[in-house]
file work_5.pdb (PDB, C-alpha atoms)
ATOM      1  CA  LYS A   1      77.130 -67.259  74.595
ATOM      2  CA  ASP A   2      80.381 -69.045  73.872
ATOM      3  CA  LEU A   3      80.988 -69.994  70.255
ATOM      4  CA  LYS A   4      81.717 -73.597  69.273
ATOM      5  CA  LEU A   5      83.564 -74.911  66.225
ATOM      6  CA  PHE A   6      81.210 -77.713  65.158
ATOM      7  CA  PRO A   7      78.108 -75.520  64.531
ATOM      8  CA  LEU A   8      80.214 -73.194  62.376
ATOM      9  CA  LEU A   9      81.493 -76.124  60.289
ATOM     10  CA  LEU A  10      77.974 -77.537  60.021
ATOM     11  CA  HIS A  11      76.676 -74.145  58.894
ATOM     12  CA  VAL A  12      79.230 -74.006  56.077
ATOM     13  CA  VAL A  13      78.402 -77.580  55.001
ATOM     14  CA  LEU A  14      74.673 -76.815  54.864
ATOM     15  CA  ILE A  15      75.313 -73.682  52.790
ATOM     16  CA  VAL A  16      77.441 -75.671  50.323
ATOM     17  CA  ILE A  17      74.709 -78.346  50.085
ATOM     18  CA  SER A  18      72.140 -75.666  49.260
ATOM     19  CA  PHE A  19      74.373 -74.500  46.401
ATOM     20  CA  ILE A  20      74.704 -77.960  44.824
ATOM     21  CA  PRO A  21      71.808 -77.405  42.350
ATOM     22  CA  ILE A  22      73.473 -74.187  41.171
ATOM     23  CA  PHE A  23      76.815 -75.955  40.716
ATOM     24  CA  LYS A  24      75.086 -78.726  38.752
ATOM     25  CA  TRP A  25      73.223 -76.240  36.568
ATOM     26  CA  ASP A  26      76.448 -74.375  35.821
ATOM     27  CA  GLY A  27      78.240 -77.607  34.952
ATOM     28  CA  MET A  28      75.529 -78.784  32.547
ATOM     29  CA  LYS A  29      76.335 -75.933  30.105
ATOM     30  CA  VAL A  30      72.758 -75.802  28.801
ATOM     31  CA  ASN A  31      72.488 -74.146  25.388
ATOM     32  CA  GLU A  32      68.714 -74.016  25.041
ATOM     33  CA  ILE A  33      65.574 -74.456  27.116
ATOM     34  CA  LYS A  34      62.466 -75.816  25.433
ATOM     35  CA  VAL A  35      59.035 -75.420  26.996
ATOM     36  CA  HIS A  36      56.405 -77.837  25.705
ATOM     37  CA  ASN A  37      53.344 -76.651  27.643
ATOM     38  CA  TYR A  38      52.928 -72.894  27.690
ATOM     39  CA  SER A  39      49.207 -73.286  28.389
ATOM     40  CA  PHE A  40      49.879 -74.561  31.893
ATOM     41  CA  ILE A  41      52.427 -71.783  32.515
ATOM     42  CA  LYS A  42      49.963 -69.121  31.376
ATOM     43  CA  LEU A  43      47.193 -70.610  33.516
ATOM     44  CA  VAL A  44      49.330 -70.511  36.661
ATOM     45  CA  CYS A  45      50.508 -66.967  35.878
ATOM     46  CA  TRP A  46      46.942 -65.739  35.356
ATOM     47  CA  PHE A  47      45.914 -67.297  38.667
ATOM     48  CA  PHE A  48      48.868 -65.577  40.383
ATOM     49  CA  VAL A  49      47.962 -62.205  38.845
ATOM     50  CA  ILE A  50      44.310 -62.490  39.905
ATOM     51  CA  CYS A  51      45.217 -63.528  43.461
ATOM     52  CA  THR A  52      47.793 -60.752  43.812
ATOM     53  CA  ILE A  53      45.363 -58.079  42.661
ATOM     54  CA  MET A  54      42.511 -59.495  44.781
ATOM     55  CA  ARG A  55      44.669 -59.693  47.926
ATOM     56  CA  VAL A  56      45.249 -55.951  47.813
ATOM     57  CA  GLY A  57      41.701 -54.852  47.119
ATOM     58  CA  ASP A  58      42.287 -51.119  47.378
ATOM     59  CA  LEU A  59      45.707 -49.896  46.196
ATOM     60  CA  THR A  60      45.321 -46.770  48.329
ATOM     61  CA  THR A  61      46.196 -48.868  51.394
ATOM     62  CA  ILE A  62      49.677 -49.459  49.980
ATOM     63  CA  TYR A  63      50.033 -45.801  49.017
ATOM     64  CA  SER A  64      48.922 -44.504  52.411
ATOM     65  CA  GLY A  65      51.206 -46.952  54.227
ATOM     66  CA  ILE A  66      54.264 -45.924  52.203
ATOM     67  CA  MET A  67      53.468 -42.212  52.605
ATOM     68  CA  GLU A  68      53.042 -42.584  56.365
ATOM     69  CA  MET A  69      56.286 -44.515  56.593
ATOM     70  CA  MET A  70      58.249 -41.967  54.542
ATOM     71  CA  ALA A  71      56.786 -39.141  56.612
ATOM     72  CA  GLY A  72      58.719 -40.469  59.573
ATOM     73  CA  GLY A  73      56.267 -43.008  60.955
ATOM     74  CA  GLY A  74      58.148 -46.128  59.867
ATOM     75  CA  ALA A  75      58.706 -47.361  63.415
ATOM     76  CA  ASP A  76      55.050 -46.723  64.333
ATOM     77  CA  VAL A  77      53.785 -48.591  61.249
ATOM     78  CA  TYR A  78      56.066 -51.560  62.025
ATOM     79  CA  ASN A  79      55.081 -51.681  65.715
ATOM     80  CA  GLU A  80      51.391 -51.483  64.806
ATOM     81  CA  THR A  81      51.806 -54.335  62.292
ATOM     82  CA  MET A  82      53.628 -56.533  64.814
ATOM     83  CA  SER A  83      51.008 -55.755  67.467
ATOM     84  CA  GLU A  84      48.162 -56.763  65.142
ATOM     85  CA  SER A  85      50.029 -59.922  64.143
ATOM     86  CA  LEU A  86      50.520 -60.896  67.792
ATOM     87  CA  HIS A  87      46.891 -60.106  68.584
ATOM     88  CA  ASN A  88      45.632 -62.288  65.724
ATOM     89  CA  SER A  89      48.118 -65.130  66.273
ATOM     90  CA  GLY A  90      45.503 -67.245  68.040
ATOM     91  CA  ASN A  91      42.919 -66.763  65.334
ATOM     92  CA  ARG A  92      42.730 -69.922  63.249
ATOM     93  CA  GLY A  93      40.611 -68.318  60.538
ATOM     94  CA  ILE A  94      41.951 -67.310  57.122
ATOM     95  CA  SER A  95      41.557 -63.572  56.639
ATOM     96  CA  ASN A  96      42.814 -63.344  53.039
ATOM     97  CA  VAL A  97      42.956 -66.569  51.034
ATOM     98  CA  PHE A  98      44.221 -64.693  47.969
ATOM     99  CA  SER A  99      47.400 -63.682  49.806
ATOM    100  CA  ILE A 100      48.153 -67.355  50.508
ATOM    101  CA  PHE A 101      48.112 -68.286  46.820
ATOM    102  CA  SER A 102      49.899 -65.080  45.818
ATOM    103  CA  ASN A 103      52.782 -65.743  48.239
ATOM    104  CA  LEU A 104      52.854 -69.426  47.345
ATOM    105  CA  LEU A 105      53.142 -68.802  43.599
ATOM    106  CA  TYR A 106      55.520 -65.812  43.613
ATOM    107  CA  GLY A 107      58.661 -67.925  43.223
ATOM    108  CA  ILE A 108      57.411 -70.281  40.518
ATOM    109  CA  CYS A 109      55.793 -67.402  38.585
ATOM    110  CA  THR A 110      59.108 -65.553  38.660
ATOM    111  CA  LEU A 111      60.589 -68.496  36.767
ATOM    112  CA  PHE A 112      57.540 -68.749  34.486
ATOM    113  CA  PHE A 113      57.872 -65.028  33.717
ATOM    114  CA  PHE A 114      61.238 -65.633  32.063
ATOM    115  CA  PHE A 115      59.851 -68.657  30.213
ATOM    116  CA  LEU A 116      57.237 -66.348  28.721
ATOM    117  CA  LEU A 117      59.950 -63.863  27.746
ATOM    118  CA  MET A 118      61.810 -66.645  25.893
ATOM    119  CA  LYS A 119      58.822 -67.237  23.650
ATOM    120  CA  LYS A 120      58.921 -65.543  20.240
ATOM    121  CA  GLU A 121      55.204 -64.696  20.286
ATOM    122  CA  ARG A 122      54.731 -63.097  23.694
ATOM    123  CA  ASN A 123      51.504 -62.230  25.442
ATOM    124  CA  LYS A 124      52.486 -58.645  26.328
ATOM    125  CA  PHE A 125      49.322 -58.069  28.333
ATOM    126  CA  LEU A 126      50.048 -61.005  30.631
ATOM    127  CA  ILE A 127      53.716 -60.036  30.914
ATOM    128  CA  TRP A 128      52.846 -56.499  32.027
ATOM    129  CA  LEU A 129      50.299 -57.812  34.513
ATOM    130  CA  LEU A 130      53.001 -60.086  35.937
ATOM    131  CA  VAL A 131      55.389 -57.144  36.278
ATOM    132  CA  ILE A 132      52.698 -55.170  38.118
ATOM    133  CA  SER A 133      51.980 -58.181  40.354
ATOM    134  CA  PHE A 134      55.676 -58.572  41.210
ATOM    135  CA  ILE A 135      55.902 -54.881  42.130
ATOM    136  CA  ILE A 136      52.734 -55.111  44.244
ATOM    137  CA  SER A 137      54.132 -58.172  46.059
ATOM    138  CA  ILE A 138      57.269 -56.185  46.915
ATOM    139  CA  LEU A 139      55.404 -53.011  47.909
ATOM    140  CA  ILE A 140      52.976 -54.767  50.274
ATOM    141  CA  PRO A 141      55.597 -55.511  52.982
ATOM    142  CA  ILE A 142      57.226 -52.097  52.442
ATOM    143  CA  ALA A 143      53.861 -50.448  53.143
ATOM    144  CA  ILE A 144      53.856 -52.037  56.612
ATOM    145  CA  SER A 145      57.531 -51.150  57.207
ATOM    146  CA  GLN A 146      58.951 -54.645  56.613
ATOM    147  CA  ARG A 147      62.159 -54.949  54.615
ATOM    148  CA  GLY A 148      62.833 -58.689  54.772
ATOM    149  CA  PRO A 149      60.023 -60.016  52.530
ATOM    150  CA  ALA A 150      60.532 -57.161  50.041
ATOM    151  CA  LEU A 151      64.272 -57.800  49.733
ATOM    152  CA  ASN A 152      63.772 -61.576  49.553
ATOM    153  CA  ARG A 153      61.381 -61.224  46.624
ATOM    154  CA  ALA A 154      63.603 -58.715  44.826
ATOM    155  CA  LEU A 155      66.656 -60.962  45.261
ATOM    156  CA  LEU A 156      64.688 -63.996  44.078
ATOM    157  CA  PHE A 157      63.781 -62.124  40.893
ATOM    158  CA  LEU A 158      67.384 -60.985  40.416
ATOM    159  CA  GLY A 159      68.803 -64.474  40.985
ATOM    160  CA  THR A 160      66.337 -66.044  38.556
ATOM    161  CA  TYR A 161      67.271 -63.424  35.961
ATOM    162  CA  PHE A 162      70.976 -64.312  36.230
ATOM    163  CA  ILE A 163      70.120 -67.984  35.701
ATOM    164  CA  MET A 164      67.863 -67.329  32.701
ATOM    165  CA  LYS A 165      69.450 -64.333  30.980
ATOM    166  CA  ASP A 166      71.589 -66.419  28.601
ATOM    167  CA  TYR A 167      68.429 -67.898  27.075
ATOM    168  CA  LEU A 168      66.654 -64.569  26.493
ATOM    169  CA  PRO A 169      66.951 -62.370  23.393
ATOM    170  CA  LYS A 170      69.539 -59.608  23.887
ATOM    171  CA  LYS A 171      66.867 -56.951  23.415
ATOM    172  CA  ILE A 172      64.872 -58.447  26.279
ATOM    173  CA  THR A 173      67.920 -58.676  28.568
ATOM    174  CA  LYS A 174      68.662 -54.984  28.052
ATOM    175  CA  ILE A 175      65.075 -54.016  28.859
ATOM    176  CA  VAL A 176      64.988 -56.251  31.948
ATOM    177  CA  SER A 177      68.387 -54.968  33.158
ATOM    178  CA  VAL A 178      67.418 -51.301  32.835
ATOM    179  CA  SER A 179      63.998 -51.932  34.392
ATOM    180  CA  PHE A 180      65.464 -53.851  37.322
ATOM    181  CA  ILE A 181      68.051 -51.141  38.033
ATOM    182  CA  THR A 182      65.388 -48.429  37.860
ATOM    183  CA  ILE A 183      62.946 -50.273  40.105
ATOM    184  CA  GLY A 184      65.789 -51.233  42.468
ATOM    185  CA  VAL A 185      66.825 -47.605  42.928
ATOM    186  CA  LEU A 186      63.206 -46.569  43.531
ATOM    187  CA  LEU A 187      62.733 -49.341  46.113
ATOM    188  CA  LEU A 188      65.957 -48.356  47.842
ATOM    189  CA  VAL A 189      64.398 -45.061  48.965
ATOM    190  CA  PRO A 190      61.589 -46.512  51.156
ATOM    191  CA  ILE A 191      63.875 -49.283  52.411
ATOM    192  CA  LEU A 192      66.359 -46.661  53.630
ATOM    193  CA  TYR A 193      63.492 -44.776  55.269
ATOM    194  CA  ILE A 194      62.463 -47.955  57.089
ATOM    195  CA  THR A 195      66.033 -48.596  58.218
ATOM    196  CA  PHE A 196      66.561 -45.101  59.604
ATOM    197  CA  ALA A 197      63.114 -44.997  61.234
ATOM    198  CA  ARG A 198      63.233 -48.392  62.926
ATOM    199  CA  PHE A 199      66.832 -48.275  64.139
ATOM    200  CA  GLU A 200      67.291 -44.627  64.967
ATOM    201  CA  ASP A 201      68.220 -45.536  68.547
ATOM    202  CA  ARG A 202      71.253 -47.668  67.672
ATOM    203  CA  GLY A 203      72.073 -46.247  64.249
ATOM    204  CA  ALA A 204      71.230 -47.521  60.802
ATOM    205  CA  LEU A 205      74.815 -48.550  60.013
ATOM    206  CA  ASN A 206      75.088 -50.580  63.205
ATOM    207  CA  SER A 207      71.807 -52.350  62.437
ATOM    208  CA  ILE A 208      73.000 -53.238  58.918
ATOM    209  CA  CYS A 209      76.285 -54.644  60.267
ATOM    210  CA  TYR A 210      74.304 -56.559  62.887
ATOM    211  CA  TYR A 211      72.020 -58.078  60.249
ATOM    212  CA  PHE A 212      74.961 -59.148  58.105
ATOM    213  CA  GLY A 213      76.615 -61.034  60.962
ATOM    214  CA  GLU A 214      73.890 -62.207  63.308
ATOM    215  CA  GLN A 215      72.916 -65.361  61.408
ATOM    216  CA  ASN A 216      76.321 -66.974  62.046
ATOM    217  CA  ILE A 217      76.180 -66.306  65.785
ATOM    218  CA  TYR A 218      72.518 -67.316  66.112
ATOM    219  CA  PHE A 219      73.138 -70.577  64.266
ATOM    220  CA  ASN A 220      76.107 -71.301  66.514
ATOM    221  CA  ASN A 221      74.197 -70.580  69.714
ATOM    222  CA  TYR A 222      70.724 -71.935  68.983
ATOM    223  CA  ALA A 223      70.578 -74.233  65.923
ATOM    224  CA  LEU A 224      71.634 -77.356  67.830
ATOM    225  CA  ASP A 225      70.229 -76.281  71.199
ATOM    226  CA  ASN A 226      66.877 -77.974  71.755
ATOM    227  CA  ASN A 227      66.562 -76.850  75.376
ATOM    228  CA  GLY A 228      63.003 -75.576  75.345
ATOM    229  CA  ILE A 229      60.878 -73.899  72.703
ATOM    230  CA  ARG A 230      62.102 -71.074  70.457
ATOM    231  CA  TYR A 231      59.188 -68.644  70.895
ATOM    232  CA  GLY A 232      59.237 -68.044  67.160
ATOM    233  CA  ASP A 233      62.836 -66.755  67.106
ATOM    234  CA  ARG A 234      64.403 -67.343  63.717
ATOM    235  CA  ILE A 235      67.957 -68.553  63.216
TER     236      ILE A 235
END
call {"tool": "encode", "arguments": {"input": "work_5.pdb", "output": "structure tokens"}}
result
Amino acid sequence: KDLKLFPLLLHVVLIVISFIPIFKWDGMKVNEIKVHNYSFIKLVCWFFVICTIMRVGDLTTIYSGIMEMMAGGGADVYNETMSESLHNSGNRGISNVFSIFSNLLYGICTLFFFFLLMKKERNKFLIWLLVISFIISILIPIAISQRGPALNRALLFLGTYFIMKDYLPKKITKIVSVSFITIGVLLLVPILYITFARFEDRGALNSICYYFGEQNIYFNNYALDNNGIRYGDRI
């Protein structure tokens, strides 16, 4: 479709608006963050850990999904997942209530994780369980050949780290940096497998370039067009 100027300008304005909290935070020049109620933070984190572990049930399902995907069946795993999702779209029942709470709390528990790291007396057991829960939350979509949710969660963790790193002990920042790089490299392997498997027909590089640019065109063509329903297409 033809491109128009106004949607492009609106897109830029909306992006700038979404960055206003970051600009404000940077301008405040905060020297220290004090947390007055660690009990509440720990309670929420424990609930997140329990829900994340309970949503998985058997960890072998993640392992088998990743192995099947890396064996060359990434496209098949993805198509099967999408087919099941479409088949169950009319089902109003809740199949896994733990996954709802786990997904809901991932973002806030990412922030709480760094609050716990700021504390001098740390609950190492809870911290390690949180790390395992974060990894599980990233591996679950990878096991069904989905990159988007996995990358979103990894980037959320990375962005929160950049915001909070100035308030963490230097020893902790070094550990977190090395751990994040190591885990990031390990996650890159299955993500590349997914990319090559799902977009073998048009090339992985073309699909990456397409993903980087499509949001601007889609916003221009469809964001302000209310002519009919969207059929679930995202912009």
call {"tool": "atom_distance", "arguments": {"input": "work_5.pdb", "atom1": "CA of Ile20 (chain A)", "atom2": "CA of Lys165 (chain A)"}}
result
20.1 Å
call {"tool": "resolve_selection", "arguments": {"input": "work_5.pdb", "expression": "the PyMOL selection byres ((chain A and resi 37-39) around 12)", "output": "VMD selection string"}}
result
chain A and resid 34 to 36 40 to 46 112 to 119 121 to 123
call {"tool": "residues_around", "arguments": {"input": "work_5.pdb", "residues": "Asn221 (chain A)", "least_positions_apart": "2", "cutoff": "7 Å", "atoms": "all atoms listed in the file", "output": "list of chain:residue names"}}
result
A:Lys1, A:Leu3, A:Ile217, A:Tyr218, A:Phe219, A:Ala223
call {"tool": "resolve_selection", "arguments": {"input": "work_5.pdb", "expression": "the PyMOL selection byres ((chain A and resi 182-185) around 12)", "output": "list in words"}}
result
Val131, Ile132, Phe134, Ile135, Ile138, Leu139, Ala150, Leu151, Arg153, Ala154, Leu155, Phe157, Leu158, Ile175, Val176, Ser177, Val178, Ser179, Phe180, Ile181, Leu186, Leu187, Leu188, Val189, Pro190, Ile191 and Leu192 of chain A
call {"tool": "atom_distance", "arguments": {"input": "work_5.pdb", "atom1": "CA of Ser137 (chain A)", "atom2": "CA of Ser102 (chain A)"}}
result
8.1 Å
call {"tool": "atom_distance", "arguments": {"input": "work_5.pdb", "atom1": "CA of Asn31 (chain A)", "atom2": "CA of Asn152 (chain A)"}}
result
28.6 Å
call {"tool": "residues_around", "arguments": {"input": "work_5.pdb", "residues": "Phe48 (chain A)", "least_positions_apart": "6", "cutoff": "9 Å", "atoms": "only C-alpha atoms", "output": "PyMOL selection string"}}
result
chain A and resi 98+101-106+109+130+133
call {"tool": "decode", "arguments": {"input": "work_5.pdb", "residues": "region 17-30 of chain A", "atoms": "all heavy atoms", "output": "compact mmCIF listing (two decimals), in the first residue's frame"}}
result
# COMPACT_ATOMS: atom_id res chain seq x y z
N ILE A 17 7.07 9.41 23.32
CA ILE A 17 6.24 9.42 24.53
C ILE A 17 6.57 8.21 25.41
O ILE A 17 6.66 8.33 26.63
CB ILE A 17 4.75 9.44 24.16
CG1 ILE A 17 4.38 10.79 23.55
CG2 ILE A 17 3.88 9.16 25.40
CD1 ILE A 17 2.95 10.86 23.04
N SER A 18 6.76 7.06 24.79
CA SER A 18 7.06 5.85 25.56
C SER A 18 8.42 5.94 26.25
O SER A 18 8.67 5.23 27.22
CB SER A 18 7.01 4.62 24.65
OG SER A 18 8.08 4.62 23.74
N PHE A 19 9.29 6.81 25.75
CA PHE A 19 10.62 6.96 26.34
C PHE A 19 10.67 8.03 27.43
O PHE A 19 11.70 8.20 28.08
CB PHE A 19 11.65 7.31 25.25
CG PHE A 19 12.27 6.11 24.61
CD1 PHE A 19 11.64 5.45 23.57
CD2 PHE A 19 13.49 5.62 25.06
CE1 PHE A 19 12.21 4.34 22.98
CE2 PHE A 19 14.07 4.51 24.46
CZ PHE A 19 13.42 3.86 23.42
N ILE A 20 9.58 8.76 27.62
CA ILE A 20 9.57 9.84 28.60
C ILE A 20 9.95 9.37 30.00
O ILE A 20 10.75 10.03 30.68
CB ILE A 20 8.19 10.55 28.60
CG1 ILE A 20 8.04 11.39 27.33
CG2 ILE A 20 8.03 11.42 29.85
CD1 ILE A 20 6.70 12.08 27.21
N PRO A 21 9.43 8.23 30.50
CA PRO A 21 9.86 7.77 31.83
C PRO A 21 11.37 7.53 31.93
O PRO A 21 11.97 7.79 32.96
CB PRO A 21 9.08 6.46 32.02
CG PRO A 21 7.90 6.59 31.13
CD PRO A 21 8.37 7.36 29.95
N ILE A 22 11.97 7.04 30.85
CA ILE A 22 13.41 6.81 30.86
C ILE A 22 14.17 8.13 30.90
O ILE A 22 15.16 8.28 31.62
CB ILE A 22 13.83 5.98 29.63
CG1 ILE A 22 13.13 4.63 29.65
CG2 ILE A 22 15.35 5.80 29.58
CD1 ILE A 22 13.41 3.76 28.46
N PHE A 23 13.70 9.11 30.13
CA PHE A 23 14.32 10.44 30.16
C PHE A 23 14.22 11.05 31.55
O PHE A 23 15.17 11.66 32.05
CB PHE A 23 13.66 11.36 29.12
CG PHE A 23 13.84 10.92 27.70
CD1 PHE A 23 12.87 11.17 26.75
CD2 PHE A 23 15.00 10.26 27.31
CE1 PHE A 23 13.04 10.77 25.44
CE2 PHE A 23 15.18 9.84 26.00
CZ PHE A 23 14.20 10.11 25.06
N LYS A 24 13.05 10.91 32.18
CA LYS A 24 12.86 11.46 33.52
C LYS A 24 13.78 10.78 34.52
O LYS A 24 14.39 11.43 35.37
CB LYS A 24 11.39 11.30 33.95
CG LYS A 24 10.43 12.27 33.28
CD LYS A 24 9.03 12.12 33.86
CE LYS A 24 8.07 13.15 33.28
NZ LYS A 24 6.72 13.04 33.87
N TRP A 25 13.86 9.45 34.43
CA TRP A 25 14.71 8.70 35.35
C TRP A 25 16.17 9.12 35.19
O TRP A 25 16.89 9.29 36.17
CB TRP A 25 14.55 7.21 35.09
CG TRP A 25 15.46 6.34 35.91
CD1 TRP A 25 16.60 5.71 35.49
CD2 TRP A 25 15.32 6.02 37.29
NE1 TRP A 25 17.17 5.01 36.53
CE2 TRP A 25 16.41 5.18 37.64
CE3 TRP A 25 14.37 6.34 38.27
CZ2 TRP A 25 16.57 4.67 38.92
CZ3 TRP A 25 14.55 5.84 39.55
CH2 TRP A 25 15.63 5.02 39.87
N ASP A 26 16.60 9.31 33.96
CA ASP A 26 17.98 9.72 33.71
C ASP A 26 18.24 11.12 34.25
O ASP A 26 19.32 11.41 34.78
CB ASP A 26 18.27 9.68 32.21
CG ASP A 26 19.72 9.98 31.90
OD1 ASP A 26 20.61 9.29 32.43
OD2 ASP A 26 19.97 10.92 31.12
N GLY A 27 17.24 11.99 34.15
CA GLY A 27 17.42 13.36 34.61
C GLY A 27 17.37 13.52 36.11
O GLY A 27 17.86 14.51 36.65
N MET A 28 16.80 12.54 36.82
CA MET A 28 16.69 12.63 38.28
C MET A 28 18.03 12.43 38.97
O MET A 28 18.22 12.87 40.10
CB MET A 28 15.69 11.60 38.80
CG MET A 28 14.25 11.91 38.45
SD MET A 28 13.12 10.52 38.79
CE MET A 28 13.27 10.45 40.58
N LYS A 29 18.97 11.74 38.30
CA LYS A 29 20.31 11.50 38.86
C LYS A 29 20.21 10.88 40.27
O LYS A 29 20.77 11.39 41.24
CB LYS A 29 21.11 12.80 38.92
CG LYS A 29 21.21 13.54 37.59
CD LYS A 29 21.90 12.71 36.53
CE LYS A 29 22.01 13.47 35.21
NZ LYS A 29 22.57 12.62 34.13
N VAL A 30 19.50 9.78 40.36
CA VAL A 30 19.30 9.10 41.64
C VAL A 30 20.61 8.49 42.12
O VAL A 30 21.32 7.82 41.35
CB VAL A 30 18.23 8.00 41.50
CG1 VAL A 30 18.07 7.23 42.81
CG2 VAL A 30 16.90 8.62 41.08
